[in-house]
>>> print(open('query_36.cif').read())   # mmCIF, C-alpha atoms
data_target
loop_
_atom_site.label_atom_id
_atom_site.label_comp_id
_atom_site.auth_asym_id
_atom_site.auth_seq_id
_atom_site.Cartn_x
_atom_site.Cartn_y
_atom_site.Cartn_z
CA GLY R 793 -4.59 -0.05 11.01
CA ALA R 794 -5.24 -3.63 10.06
CA GLY R 795 -4.37 -6.56 12.29
CA GLN R 796 -1.55 -9.00 12.50
CA ARG R 797 -3.48 -11.75 10.77
CA GLU R 798 -3.97 -9.57 7.68
CA ARG R 799 -0.62 -7.77 7.67
CA ASP R 800 2.03 -10.24 8.77
CA ALA R 801 3.88 -9.49 5.57
CA GLN R 802 4.16 -5.83 6.57
CA GLN R 803 5.41 -6.40 10.13
CA PRO R 804 8.63 -4.38 10.53
CA SER R 805 11.73 -6.52 10.45
CA PRO R 806 13.38 -7.00 13.86
CA GLY R 807 16.48 -5.03 12.96
CA ALA R 808 18.80 -3.31 15.37
CA ALA R 809 17.11 -0.75 17.61
CA HIS R 810 17.68 2.92 16.97
CA ALA R 811 20.74 4.00 18.95
CA ALA R 812 19.78 6.54 21.59
CA GLY R 813 21.90 9.66 21.71
CA PRO R 814 21.64 12.77 23.90
CA GLU R 815 19.02 14.28 21.59
CA ASP R 816 16.74 11.29 22.26
CA ARG R 817 16.06 12.56 25.76
CA GLY R 818 14.44 15.75 24.50
CA GLY R 819 17.05 18.49 24.62
CA PRO R 820 18.19 19.95 21.30
CA ALA R 821 15.53 18.28 19.20
CA GLY R 822 12.74 19.70 21.37
CA VAL R 823 11.04 16.34 21.86
CA THR R 824 9.81 15.46 25.36
CA ARG R 825 8.14 12.50 27.02
CA GLY R 826 4.61 13.23 28.15
CA GLY R 827 3.02 11.75 31.26
CA TYR R 828 -0.57 10.66 31.78
CA ALA R 829 -2.96 9.53 34.52
CA VAL R 830 -5.84 7.07 34.19
CA VAL R 831 -9.12 8.79 35.09
CA ALA R 832 -11.61 6.00 34.33
CA GLU R 833 -11.92 2.54 32.82
CA LEU R 834 -14.82 1.44 30.64
CA PRO R 835 -15.60 -2.17 29.69
CA HIS R 836 -14.83 -3.13 26.10
CA ASP R 837 -15.96 -6.24 24.25
CA ARG R 838 -12.87 -8.32 23.48
CA SER R 839 -14.34 -9.33 20.14
CA ARG R 840 -14.11 -5.75 18.83
CA PHE R 841 -11.04 -5.14 16.66
CA THR R 842 -10.80 -1.39 17.26
CA GLN R 843 -9.68 0.65 14.27
CA GLY R 844 -11.06 4.08 15.03
CA LEU R 845 -12.46 6.06 17.97
CA THR R 846 -14.16 9.45 17.88
CA TYR R 847 -16.34 11.37 20.33
CA HIS R 848 -19.13 13.93 20.43
CA ASP R 849 -21.58 15.10 23.08
CA GLY R 850 -21.37 12.16 25.44
CA VAL R 851 -21.21 9.50 22.74
CA LEU R 852 -18.07 7.53 21.92
CA TYR R 853 -18.10 6.15 18.39
CA GLU R 854 -16.05 3.08 17.53
CA GLY R 855 -15.14 1.69 14.15
CA THR R 856 -13.99 -1.94 14.04
CA GLY R 857 -12.12 -3.98 11.46
CA LEU R 858 -11.57 -7.47 10.05
CA TYR R 859 -13.29 -8.73 6.92
CA GLY R 860 -16.77 -9.93 7.73
CA HIS R 861 -16.78 -8.19 11.13
CA SER R 862 -16.29 -4.47 10.44
CA LYS R 863 -18.95 -2.17 11.85
CA VAL R 864 -19.59 1.21 13.50
CA LEU R 865 -20.92 1.46 17.06
CA ARG R 866 -22.32 4.20 19.30
CA LEU R 867 -21.20 3.83 22.94
CA ASP R 868 -22.20 5.62 26.11
CA GLY R 869 -19.16 7.75 26.91
CA ARG R 870 -19.54 7.17 30.65
CA SER R 871 -20.38 3.47 30.86
CA GLY R 872 -19.13 2.04 27.57
CA GLU R 873 -22.57 0.50 26.97
CA VAL R 874 -23.38 -0.12 23.31
CA LEU R 875 -26.24 2.19 22.31
CA SER R 876 -26.54 1.07 18.69
CA GLU R 877 -24.44 -0.42 15.90
CA THR R 878 -24.44 -0.99 12.17
CA PRO R 879 -24.65 -4.45 10.63
CA ALA R 880 -21.27 -5.99 9.78
CA MET R 881 -19.95 -4.79 6.40
CA GLY R 882 -19.46 -8.30 5.02
CA GLN R 883 -16.38 -9.71 3.32
CA ALA R 884 -15.90 -6.83 0.89
CA TYR R 885 -14.56 -4.23 3.34
CA PHE R 886 -12.11 -3.98 6.23
CA GLY R 887 -13.10 -0.97 8.35
CA GLU R 888 -10.41 1.45 9.48
CA GLY R 889 -10.35 5.02 10.89
CA LEU R 890 -13.50 6.86 11.98
CA GLN R 891 -14.14 10.59 12.53
CA TYR R 892 -17.13 12.62 13.71
CA ARG R 893 -17.87 15.95 12.03
CA ASP R 894 -21.04 18.07 11.98
CA GLY R 895 -23.47 15.28 12.72
CA LYS R 896 -21.81 12.77 10.42
CA LEU R 897 -19.31 9.93 10.77
CA TYR R 898 -16.61 9.39 8.17
CA GLN R 899 -15.14 5.89 7.93
CA ILE R 900 -12.26 4.78 5.71
CA THR R 901 -11.27 1.24 4.74
CA TRP R 902 -7.99 -0.64 4.57
CA LYS R 903 -7.28 -1.70 0.97
CA GLU R 904 -10.53 -0.86 -0.77
CA ASN R 905 -9.95 2.91 -1.36
CA LYS R 906 -13.57 3.40 -0.35
CA GLY R 907 -14.99 5.58 2.41
CA PHE R 908 -18.45 5.72 3.97
CA VAL R 909 -20.46 8.53 5.54
CA TYR R 910 -23.09 7.83 8.22
CA ASP R 911 -25.63 9.83 10.18
CA ALA R 912 -24.04 10.06 13.63
CA ASP R 913 -27.36 9.75 15.48
CA THR R 914 -28.99 6.91 13.55
CA LEU R 915 -25.92 5.31 11.91
CA ALA R 916 -27.88 5.30 8.67
CA PRO R 917 -25.54 5.25 5.65
CA LEU R 918 -25.58 8.56 3.77
CA SER R 919 -22.97 8.32 1.01
CA GLU R 920 -19.74 6.74 -0.21
CA PHE R 921 -16.51 8.22 -1.57
CA ASP R 922 -13.28 7.10 -3.22
CA TYR R 923 -9.76 8.22 -2.32
CA LYS R 924 -6.07 7.65 -3.03
CA THR R 925 -3.14 7.55 -0.60
CA THR R 926 0.59 6.94 -0.72
CA THR R 927 0.27 3.20 -0.01
CA GLY R 928 -3.18 2.74 -1.52
CA GLN R 929 -4.53 2.03 1.96
CA GLY R 930 -6.55 3.88 4.62
CA TRP R 931 -5.61 3.72 8.31
CA GLY R 932 -6.52 6.80 10.39
CA ILE R 933 -8.57 9.99 9.95
CA ALA R 934 -8.88 13.12 12.10
CA ASP R 935 -10.69 16.46 11.84
CA LEU R 936 -8.20 19.33 12.10
CA GLY R 937 -11.00 21.80 12.83
CA ASP R 938 -10.20 24.05 9.87
CA GLY R 939 -12.28 22.25 7.26
CA THR R 940 -9.57 19.66 6.70
CA PHE R 941 -9.22 15.97 7.49
CA ALA R 942 -5.76 14.51 8.17
CA VAL R 943 -5.45 10.91 6.95
CA SER R 944 -2.81 8.22 7.50
CA ASP R 945 -2.13 5.14 5.39
CA GLY R 946 0.57 3.16 7.22
CA SER R 947 3.40 5.14 5.65
CA ALA R 948 5.07 8.15 7.26
CA TYR R 949 2.85 10.54 5.28
CA LEU R 950 -0.10 12.63 6.39
CA HIS R 951 -2.67 13.34 3.69
CA PHE R 952 -4.99 16.36 3.83
CA TRP R 953 -8.54 16.27 2.48
CA ASP R 954 -11.18 18.94 2.20
CA ALA R 955 -13.75 17.87 4.80
CA GLU R 956 -16.66 18.78 2.48
CA THR R 957 -15.49 17.49 -0.89
CA LEU R 958 -13.09 14.83 0.49
CA ALA R 959 -10.60 15.83 -2.21
CA GLU R 960 -6.90 16.05 -1.38
CA THR R 961 -6.09 19.71 -0.88
CA ARG R 962 -2.39 20.17 -0.15
CA PRO R 963 0.94 18.37 -0.32
CA ARG R 964 1.50 15.32 1.85
CA VAL R 965 3.69 15.82 4.90
CA PRO R 966 5.94 13.13 6.43
CA VAL R 967 5.88 12.56 10.19
CA THR R 968 9.42 12.94 11.53
CA LEU R 969 11.14 12.21 14.83
CA TYR R 970 14.67 13.64 15.10
CA GLY R 971 14.57 14.27 11.37
CA LYS R 972 13.74 10.66 10.50
CA HIS R 973 10.50 9.59 8.87
CA VAL R 974 8.26 7.58 11.20
CA ARG R 975 6.41 4.83 9.35
CA GLN R 976 3.30 2.89 10.42
CA ILE R 977 1.38 6.02 11.50
CA ASN R 978 -2.02 4.66 12.47
CA GLU R 979 -5.12 6.03 14.28
CA LEU R 980 -5.33 9.83 14.50
CA GLU R 981 -7.05 12.43 16.68
CA PHE R 982 -6.69 16.22 16.78
CA VAL R 983 -6.41 17.56 20.33
CA GLY R 984 -5.39 21.02 21.48
CA GLY R 985 -3.72 21.99 18.23
CA ARG R 986 -1.72 18.77 18.02
CA LEU R 987 -2.34 15.68 15.97
CA LEU R 988 -2.15 12.61 18.20
CA ALA R 989 -1.19 9.36 16.49
CA ASN R 990 -0.86 5.69 17.30
CA VAL R 991 2.06 3.83 15.73
CA TRP R 992 1.25 0.27 14.64
CA TYR R 993 2.42 -2.28 17.23
CA LYS R 994 3.96 0.37 19.50
CA ASP R 995 2.44 1.40 22.85
CA VAL R 996 2.93 5.10 22.20
CA VAL R 997 0.97 8.17 21.20
CA LEU R 998 2.90 10.74 19.19
CA ALA R 999 2.01 14.44 19.42
CA ILE R 1000 2.61 15.91 15.95
CA ASP R 1001 2.60 19.43 14.55
CA PRO R 1002 0.20 18.87 11.62
CA ALA R 1003 1.70 21.71 9.60
CA THR R 1004 5.23 20.31 9.63
CA GLY R 1005 4.82 16.66 10.62
CA VAL R 1006 7.40 17.11 13.39
CA VAL R 1007 6.87 15.03 16.54
CA THR R 1008 7.01 17.30 19.58
CA ARG R 1009 6.09 14.88 22.36
CA VAL R 1010 5.90 11.12 22.87
CA TYR R 1011 3.47 9.56 25.34
CA ASP R 1012 4.62 6.09 26.40
CA PHE R 1013 1.63 3.88 27.23
CA GLY R 1014 3.68 0.73 27.75
CA ARG R 1015 2.65 0.62 31.41
CA LEU R 1016 -1.08 1.06 30.75
CA TRP R 1017 -1.61 -2.66 30.08
CA PRO R 1018 1.86 -4.23 29.91
CA HIS R 1019 2.54 -6.97 27.37
CA SER R 1020 3.25 -9.47 30.13
CA GLU R 1021 -0.23 -8.93 31.59
CA ARG R 1022 -1.87 -9.13 28.16
CA LEU R 1023 -0.37 -12.56 27.64
CA ASP R 1024 -1.57 -13.69 31.06
CA VAL R 1025 -5.12 -12.43 30.51
CA ASP R 1026 -5.82 -13.04 26.85
CA ARG R 1027 -3.32 -14.13 24.23
CA LYS R 1028 -5.71 -12.93 21.52
CA ALA R 1029 -5.33 -9.28 22.55
CA ASP R 1030 -3.83 -7.25 19.73
CA CYS R 1031 -2.05 -3.89 19.63
CA PHE R 1032 -2.70 -0.54 21.31
CA ASN R 1033 -4.94 1.43 18.95
CA GLY R 1034 -7.68 4.03 19.21
CA ILE R 1035 -7.65 7.69 20.37
CA ALA R 1036 -10.60 10.02 20.91
CA VAL R 1037 -11.17 13.39 22.52
CA SER R 1038 -13.52 13.63 25.48
CA ASP R 1039 -15.76 16.31 26.99
CA VAL R 1040 -12.93 17.39 29.32
CA GLU R 1041 -9.99 19.38 27.98
CA GLY R 1042 -6.77 17.40 28.26
CA GLU R 1043 -8.51 14.05 28.65
CA ILE R 1044 -8.69 11.43 25.90
CA PHE R 1045 -9.97 7.89 25.42
CA VAL R 1046 -7.53 5.15 24.38
CA THR R 1047 -7.87 1.40 23.87
CA GLY R 1048 -6.57 -1.49 21.77
CA LYS R 1049 -7.74 -4.13 19.34
CA LEU R 1050 -9.52 -6.95 21.19
CA TRP R 1051 -8.79 -5.23 24.53
CA PRO R 1052 -11.12 -5.67 27.52
CA LYS R 1053 -11.12 -1.97 28.48
CA ILE R 1054 -11.29 1.55 27.13
CA TYR R 1055 -9.23 3.93 29.24
CA ARG R 1056 -9.97 7.58 29.84
CA VAL R 1057 -6.67 9.31 30.57
CA ARG R 1058 -5.52 12.82 31.40
CA LEU R 1059 -2.46 13.90 29.45
CA GLY R 1060 0.19 15.79 31.40
CA ASP R 1061 1.11 19.30 30.29
CA ALA R 1062 4.70 19.01 31.52
CA PRO R 1063 7.34 16.44 30.53
CA ASP R 1064 7.06 13.11 32.34
CA ALA R 1065 9.34 13.37 35.39
CA ASN R 1066 8.89 9.67 36.15
CA ASN R 1067 10.20 8.37 32.84
CA ASP R 1068 13.60 9.50 31.56
CA GLU R 1069 14.21 6.53 29.27
CA PRO R 1070 15.48 7.44 25.79
CA ILE R 1071 12.79 8.20 23.24
CA THR R 1072 13.01 5.58 20.53
CA LEU R 1073 10.62 3.50 18.45
CA GLY R 1074 13.13 0.75 17.65
CA GLY R 1075 14.08 -0.90 14.38
CA GLY R 1076 11.72 -0.96 11.43
CA TYR R 1077 9.86 2.30 12.12
CA TYR R 1078 12.27 4.81 10.56
#
>>> encode(input="query_36.cif", output="structure tokens")
Amino acid sequence: GAGQRERDAQQPSPGAAHAAGPEDRGGPAGVTRGGYAVVAELPHDRSRFTQGLTYHDGVLYEGTGLYGHSKVLRLDGRSGEVLSETPAMGQAYFGEGLQYRDGKLYQITWKENKGFVYDADTLAPLSEFDYKTTTGQGWGIADLGDGTFAVSDGSAYLHFWDAETLAETRPRVPVTLYGKHVRQINELEFVGGRLLANVWYKDVVLAIDPATGVVTRVYDFGRLWPHSERLDVDRKADCFNGIAVSDVEGEIFVTGKLWPKIYRVRLGDAPDANNDEPITLGGGYY
């Protein structure tokens, strides 16, 4: 999703936090907290406003945002070294989500309703496409592995596109947590049958059933790089954003906009025994 400088007007109002009841600890609603462990840390250029991450065969692809600075990069998945990159897109486009599929990269844009397709090896532009979403914006995109892309737009809704024609193929599905719509759904990645999603300005990854939109697990990454440390290191650092699969089952890459590192983490299969805090996203997200 776009950054604070461009979307201050959309920042959720600081209303009262969602009251945590017994169901917020998992239980009847079937939602659990997931744990994780950091496996590796890769250097990340703090000038890169990360909007999308995707991975294939040892290469980590990154899509960045901001008008005049948006580009697509190929990174070494082990070292984080930049292998190649596109020229900046200029002032006309604000890059957003990025997804690899069958030798191509699919990039969407924030407000422009325009997408771009690149050769994944050379980053040569191949084609462009137009699209519509609930908000008229593009935020995240993920390959569901069944010939369908799932797309987010900052609302609670998931959009489903045919991966070949890029046409919308089935009804939009809202993401829900305890029966409430979760807005600001951002970067997406499909892992192990679940759709993983960032939520704008929250240090969480939601695990979502893509068929129903129901959140089944919440991974709290608030301790990965705590806000207090971010302020000490670099006050320009923006929000947690970016999820990609890796070459190891159960391990993903995560990072943030203008962050100094990309983290490779292993997601826990069992509920997080070290964190029994209530599951809540706070005011403004429901």
>>> closest_residue(input="query_36.cif", among="R:Trp953, R:Tyr892, R:Tyr853, R:Tyr923", to="Glu873 in chain R", atoms="all atoms listed in the file")
R:Tyr853
>>> axis_aligned_box(input="query_36.cif", around="range 922-930 of chain R", padding_each_side="3 Å", output="JSON")
{"center_x": -6.3, "center_y": 5.1, "center_z": 0.7, "size_x": 19.9, "size_y": 12.2, "size_z": 13.8}
>>> residues_around(input="query_36.cif", residues="range 844-847 of chain R", least_positions_apart="2", cutoff="8 Å", atoms="only C-alpha atoms", output="list in words")
Thr842, Asp849, Gly850, Val851, Leu852, Tyr853, Glu854, Gly855, Thr856, Glu888, Gly889, Leu890, Gln891, Tyr892, Gly932, Glu979, Glu981, Asn1033, Gly1034, Ile1035, Ala1036, Val1037 and Ser1038 of chain R
>>> resolve_selection(input="query_36.cif", expression="the PyMOL selection byres ((chain R and resi 944-951) around 7)", output="list of chain:residue names")
R:Thr925, R:Thr926, R:Thr927, R:Gln929, R:Gly930, R:Trp931, R:Gly932, R:Ile933, R:Ala942, R:Val943, R:Phe952, R:Trp953, R:Arg964, R:Val965, R:Pro966, R:Val967, R:His973, R:Val974, R:Arg975, R:Gln976, R:Ile977, R:Asn978
>>> resolve_selection(input="query_36.cif", expression="the PyMOL selection byres ((chain R and resi 895) around 9)", output="PyMOL selection string")
chain R and resi 848+892-894+896-897+910-913
>>> residues_around(input="query_36.cif", residues="Val1010 in chain R", least_positions_apart="2", cutoff="8 Å", atoms="only C-alpha atoms", output="list in words")
Val823, Thr824, Arg825, Gly826, Val996, Val997, Leu998, Ala999, Val1007, Thr1008, Asp1012 and Ile1071 of chain R
>>> resolve_selection(input="query_36.cif", expression="the PyMOL selection byres ((chain R and resi 939) around 8)", output="list in words")
Asp935, Leu936, Gly937, Asp938, Thr940, Phe941, Asp954, Ala955 and Glu956 of chain R
>>> write_last_selection(input="query_36.cif", atoms="C-alpha atoms", output="PDB file, keeping the file's coordinate frame")
ATOM      1  CA  ASP R 935     -10.690  16.460  11.840  1.00  0.00           C
ATOM      2  CA  LEU R 936      -8.200  19.330  12.100  1.00  0.00           C
ATOM      3  CA  GLY R 937     -11.000  21.800  12.830  1.00  0.00           C
ATOM      4  CA  ASP R 938     -10.200  24.050   9.870  1.00  0.00           C
ATOM      5  CA  THR R 940      -9.570  19.660   6.700  1.00  0.00           C
ATOM      6  CA  PHE R 941      -9.220  15.970   7.490  1.00  0.00           C
ATOM      7  CA  ASP R 954     -11.180  18.940   2.200  1.00  0.00           C
ATOM      8  CA  ALA R 955     -13.750  17.870   4.800  1.00  0.00           C
ATOM      9  CA  GLU R 956     -16.660  18.780   2.480  1.00  0.00           C
TER      10      GLU R 956
END
>>> residues_around(input="query_36.cif", residues="Arg1058 in chain R", least_positions_apart="6", cutoff="6 Å", atoms="only C-alpha atoms", output="PDB file with C-alpha atoms, in the coordinates of the input")
ATOM      1  CA  TYR R 828      -0.570  10.660  31.780  1.00  0.00           C
ATOM      2  CA  ALA R 829      -2.960   9.530  34.520  1.00  0.00           C
ATOM      3  CA  GLY R1042      -6.770  17.400  28.260  1.00  0.00           C
ATOM      4  CA  GLU R1043      -8.510  14.050  28.650  1.00  0.00           C
TER       5      GLU R1043
END
>>> atom_distance(input="query_36.cif", atom1="CA of Tyr993 in chain R", atom2="CA of Phe1032 in chain R")
6.8 Å
>>> atom_distance(input="query_36.cif", atom1="CA of Arg866 in chain R", atom2="CA of Arg1056 in chain R")
16.6 Å
